[in-house]
Each structure stands twice: as C-alpha cells, then as structure tokens.
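Comments concern the structure below.
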Amino acid sequence: MSIVRIPPTLRAATNGAKVVDVPGGTVREVVAGLIEIHPSLESQLIGPDGDLNRFVNAFLNDTDVRHLEALDTPVGEGDTLVLLPAMAGGAEMPTGT
C-alpha cells in the first residue's frame with residue numbers, strides 16, 4: 001500500500017480524510033485506485049486526455065514525478081504520494097508599490 005496525502009482543498013471529496021492508503025505499482029495505478037475509492041476526485045485530478053490535470057502536481061516521496069517517470073513512476077510499499085492542485089487567486093498589487 002502507498003500512502004496518499006490529501007491536501008485541504010481535496011478533503012471534501014475524501015470525507016475529510018487527510019491520508020488514504022491505496023494499492024498500486026505506479027503513480028498512475030495509485031491515482032486510479034484513489035479515484036476508485038473517492039470517485040468525486042476524478043474531475044479534480046484527471047484531465048480530458050486521461051492523464052493528471054495539468055494544474056495538479058504529484059510528488060512521490062517529496063520528488064516531483066515530472067522529474068522521474070511521470071505517471072509511470074514505480075511506487076513501492078510505504079511510499080508517500082502527495083497530489084497538489086494549483087491554487088489561483090490573491091490580491092492585485094496596489095499601484096506604486
């Protein structure tokens with residue numbers, strides 16, 4: 001089992017769970033398993049092409065999977081996967097600063 005850490009922005013879809021144990025041999029399989037357990041995450045995590053939404057960052061043991069083998073990165077027993085959707089917003093900077 002891999003450990004998937006759920007950020008606060010996704011916890012409504014996991015009934016408040018901060019951590020979910022998910023089986024899978026690759027990041028792709030773990031994400032698919034997470035969606036199987038919590039189907040409402042699919043629209044937030046998966047893009048129209050079937051891959052991770054381009055605004056979702058995935059870190060396996062603190063390393064961005066884009067620097068590894070992306071969704072085909074192998075996942076071992078006890079590895080930790082963090083899925084972080086990009087956040088937008090903030091205030092416009094006042095003029096003259």
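By convention here, the chains of the structure tokens are called A, B, ... in the order presented, each chain's residues are numbered starting at 1, and ligands are numbered starting at 1 in the order presented.
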
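The environment of segment 36-42 of chain A within 8 Å, counting only C-alpha atoms and disregarding residues fewer than 2 places along the same chain, consists of A:Leu10, A:Ala13, A:Thr14, A:Ala32, A:Gly33, A:Leu34, A:Gln44, A:Leu45, A:Ile46.
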
Let's have the selection written as a PDB file, in the first residue's frame, with C-alpha atoms.
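That gives us again20.pdb:
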```
ATOM      1  CA  LEU A  10      -9.386  17.994  -1.830  1.00  0.00           C
ATOM      2  CA  ALA A  13     -14.060  14.762  -1.750  1.00  0.00           C
ATOM      3  CA  THR A  14     -12.485  12.297   0.719  1.00  0.00           C
ATOM      4  CA  ALA A  32      -6.696   5.342 -10.315  1.00  0.00           C
ATOM      5  CA  GLY A  33      -7.116   3.471  -7.023  1.00  0.00           C
ATOM      6  CA  LEU A  34      -7.683   6.716  -5.141  1.00  0.00           C
ATOM      7  CA  GLN A  44     -10.354  17.482  -9.950  1.00  0.00           C
ATOM      8  CA  LEU A  45      -7.392  15.243 -10.740  1.00  0.00           C
ATOM      9  CA  ILE A  46      -7.832  13.872 -14.253  1.00  0.00           C
TER      10      ILE A  46
END
```

So which bits of chain A end up strand (DSSP E) when you DSSP the backbone, as a ChimeraX atom specification? /A:2-5,19-22,56-60,63-64,80-85

Next, dump the selected residues to file, keeping only N, CA and C atoms, as an mmCIF file, in the first residue's frame.
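Contents of out.cif, freshly written:
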```cif
data_model
loop_
_atom_site.group_PDB
_atom_site.id
_atom_site.type_symbol
_atom_site.label_atom_id
_atom_site.label_comp_id
_atom_site.auth_asym_id
_atom_site.auth_seq_id
_atom_site.Cartn_x
_atom_site.Cartn_y
_atom_site.Cartn_z
ATOM 1 N N SER A 2 0.438 2.216 -0.746
ATOM 2 C CA SER A 2 1.079 3.522 -0.740
ATOM 3 C C SER A 2 0.224 4.473 0.079
ATOM 4 N N ILE A 3 0.845 5.481 0.601
ATOM 5 C CA ILE A 3 0.137 6.487 1.381
ATOM 6 C C ILE A 3 -0.081 7.694 0.483
ATOM 7 N N VAL A 4 -1.331 8.115 0.327
ATOM 8 C CA VAL A 4 -1.635 9.321 -0.437
ATOM 9 C C VAL A 4 -2.060 10.384 0.566
ATOM 10 N N ARG A 5 -1.319 11.470 0.600
ATOM 11 C CA ARG A 5 -1.657 12.601 1.466
ATOM 12 C C ARG A 5 -2.592 13.518 0.698
ATOM 13 N N VAL A 19 -5.247 11.319 4.874
ATOM 14 C CA VAL A 19 -4.370 10.274 4.359
ATOM 15 C C VAL A 19 -5.235 9.106 3.912
ATOM 16 N N VAL A 20 -4.913 8.545 2.744
ATOM 17 C CA VAL A 20 -5.630 7.372 2.248
ATOM 18 C C VAL A 20 -4.581 6.352 1.821
ATOM 19 N N ASP A 21 -4.721 5.105 2.256
ATOM 20 C CA ASP A 21 -3.837 4.026 1.815
ATOM 21 C C ASP A 21 -4.404 3.457 0.525
ATOM 22 N N VAL A 22 -3.569 3.403 -0.515
ATOM 23 C CA VAL A 22 -4.026 2.971 -1.835
ATOM 24 C C VAL A 22 -3.007 2.001 -2.419
ATOM 25 N N VAL A 56 -2.390 19.898 -11.651
ATOM 26 C CA VAL A 56 -2.158 19.045 -10.478
ATOM 27 C C VAL A 56 -0.690 18.632 -10.463
ATOM 28 N N ASN A 57 -0.033 18.897 -9.352
ATOM 29 C CA ASN A 57 1.345 18.471 -9.163
ATOM 30 C C ASN A 57 1.352 17.204 -8.318
ATOM 31 N N ALA A 58 2.186 16.257 -8.700
ATOM 32 C CA ALA A 58 2.287 14.999 -7.966
ATOM 33 C C ALA A 58 3.726 14.829 -7.480
ATOM 34 N N PHE A 59 3.850 14.558 -6.186
ATOM 35 C CA PHE A 59 5.160 14.371 -5.570
ATOM 36 C C PHE A 59 5.212 12.995 -4.926
ATOM 37 N N LEU A 60 6.193 12.214 -5.316
ATOM 38 C CA LEU A 60 6.413 10.906 -4.712
ATOM 39 C C LEU A 60 7.623 11.033 -3.806
ATOM 40 N N THR A 63 9.571 14.194 -4.314
ATOM 41 C CA THR A 63 10.146 14.473 -5.627
ATOM 42 C C THR A 63 9.022 14.574 -6.650
ATOM 43 N N ASP A 64 9.024 15.667 -7.404
ATOM 44 C CA ASP A 64 8.026 15.877 -8.447
ATOM 45 C C ASP A 64 8.140 14.734 -9.450
ATOM 46 N N THR A 80 5.078 7.616 -0.206
ATOM 47 C CA THR A 80 4.076 8.647 0.022
ATOM 48 C C THR A 80 3.899 9.467 -1.249
ATOM 49 N N LEU A 81 2.649 9.573 -1.692
ATOM 50 C CA LEU A 81 2.286 10.375 -2.851
ATOM 51 C C LEU A 81 1.457 11.557 -2.370
ATOM 52 N N VAL A 82 1.840 12.746 -2.816
ATOM 53 C CA VAL A 82 1.086 13.956 -2.491
ATOM 54 C C VAL A 82 0.592 14.539 -3.803
ATOM 55 N N LEU A 83 -0.713 14.801 -3.886
ATOM 56 C CA LEU A 83 -1.321 15.410 -5.066
ATOM 57 C C LEU A 83 -1.745 16.825 -4.701
ATOM 58 N N LEU A 84 -1.160 17.803 -5.368
ATOM 59 C CA LEU A 84 -1.422 19.198 -5.032
ATOM 60 C C LEU A 84 -1.992 19.948 -6.231
ATOM 61 N N PRO A 85 -3.290 20.241 -6.194
ATOM 62 C CA PRO A 85 -3.837 21.090 -7.254
ATOM 63 C C PRO A 85 -3.292 22.509 -7.094
#
```

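The alpha helix (DSSP H) portion of segment 3-82 of chain A consists of Val27, Arg28, Glu29, Val30, Val31, Ala32, Gly33, Leu34, Ile35, Glu36, Ile37, Glu42, Ser43, Gln44 and Leu45 of chain A, with states taken from DSSP on the backbone.
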
Could you save the residues just selected, with N, CA and C atoms, as a PDB file, in the first residue's frame?
```
ATOM      1  N   VAL A  27       2.502   5.435 -10.097  1.00  0.00           N
ATOM      2  CA  VAL A  27       1.715   6.604  -9.709  1.00  0.00           C
ATOM      3  C   VAL A  27       0.352   6.553 -10.390  1.00  0.00           C
ATOM      4  N   ARG A  28       0.313   6.170 -11.656  1.00  0.00           N
ATOM      5  CA  ARG A  28      -0.956   6.066 -12.393  1.00  0.00           C
ATOM      6  C   ARG A  28      -1.920   5.113 -11.693  1.00  0.00           C
ATOM      7  N   GLU A  29      -1.438   3.960 -11.277  1.00  0.00           N
ATOM      8  CA  GLU A  29      -2.292   2.970 -10.609  1.00  0.00           C
ATOM      9  C   GLU A  29      -2.768   3.474  -9.252  1.00  0.00           C
ATOM     10  N   VAL A  30      -1.911   4.175  -8.539  1.00  0.00           N
ATOM     11  CA  VAL A  30      -2.305   4.712  -7.232  1.00  0.00           C
ATOM     12  C   VAL A  30      -3.376   5.781  -7.405  1.00  0.00           C
ATOM     13  N   VAL A  31      -3.194   6.670  -8.380  1.00  0.00           N
ATOM     14  CA  VAL A  31      -4.206   7.703  -8.634  1.00  0.00           C
ATOM     15  C   VAL A  31      -5.523   7.058  -9.042  1.00  0.00           C
ATOM     16  N   ALA A  32      -5.477   6.050  -9.905  1.00  0.00           N
ATOM     17  CA  ALA A  32      -6.696   5.342 -10.315  1.00  0.00           C
ATOM     18  C   ALA A  32      -7.362   4.673  -9.116  1.00  0.00           C
ATOM     19  N   GLY A  33      -6.570   4.098  -8.224  1.00  0.00           N
ATOM     20  CA  GLY A  33      -7.116   3.471  -7.023  1.00  0.00           C
ATOM     21  C   GLY A  33      -7.743   4.483  -6.088  1.00  0.00           C
ATOM     22  N   LEU A  34      -7.119   5.650  -5.972  1.00  0.00           N
ATOM     23  CA  LEU A  34      -7.683   6.716  -5.141  1.00  0.00           C
ATOM     24  C   LEU A  34      -9.032   7.167  -5.696  1.00  0.00           C
ATOM     25  N   ILE A  35      -9.113   7.299  -7.010  1.00  0.00           N
ATOM     26  CA  ILE A  35     -10.371   7.710  -7.651  1.00  0.00           C
ATOM     27  C   ILE A  35     -11.437   6.626  -7.501  1.00  0.00           C
ATOM     28  N   GLU A  36     -11.016   5.378  -7.512  1.00  0.00           N
ATOM     29  CA  GLU A  36     -11.974   4.289  -7.302  1.00  0.00           C
ATOM     30  C   GLU A  36     -12.578   4.379  -5.899  1.00  0.00           C
ATOM     31  N   ILE A  37     -11.759   4.730  -4.919  1.00  0.00           N
ATOM     32  CA  ILE A  37     -12.232   4.864  -3.539  1.00  0.00           C
ATOM     33  C   ILE A  37     -13.058   6.134  -3.365  1.00  0.00           C
ATOM     34  N   GLU A  42     -12.115  12.469  -9.382  1.00  0.00           N
ATOM     35  CA  GLU A  42     -11.722  12.330 -10.790  1.00  0.00           C
ATOM     36  C   GLU A  42     -11.734  13.657 -11.536  1.00  0.00           C
ATOM     37  N   SER A  43     -12.804  14.425 -11.394  1.00  0.00           N
ATOM     38  CA  SER A  43     -12.895  15.686 -12.137  1.00  0.00           C
ATOM     39  C   SER A  43     -11.848  16.696 -11.676  1.00  0.00           C
ATOM     40  N   GLN A  44     -11.358  16.561 -10.460  1.00  0.00           N
ATOM     41  CA  GLN A  44     -10.354  17.482  -9.950  1.00  0.00           C
ATOM     42  C   GLN A  44      -8.934  17.049 -10.302  1.00  0.00           C
ATOM     43  N   LEU A  45      -8.742  15.758 -10.518  1.00  0.00           N
ATOM     44  CA  LEU A  45      -7.392  15.243 -10.740  1.00  0.00           C
ATOM     45  C   LEU A  45      -7.082  14.885 -12.184  1.00  0.00           C
TER      46      LEU A  45
END
```
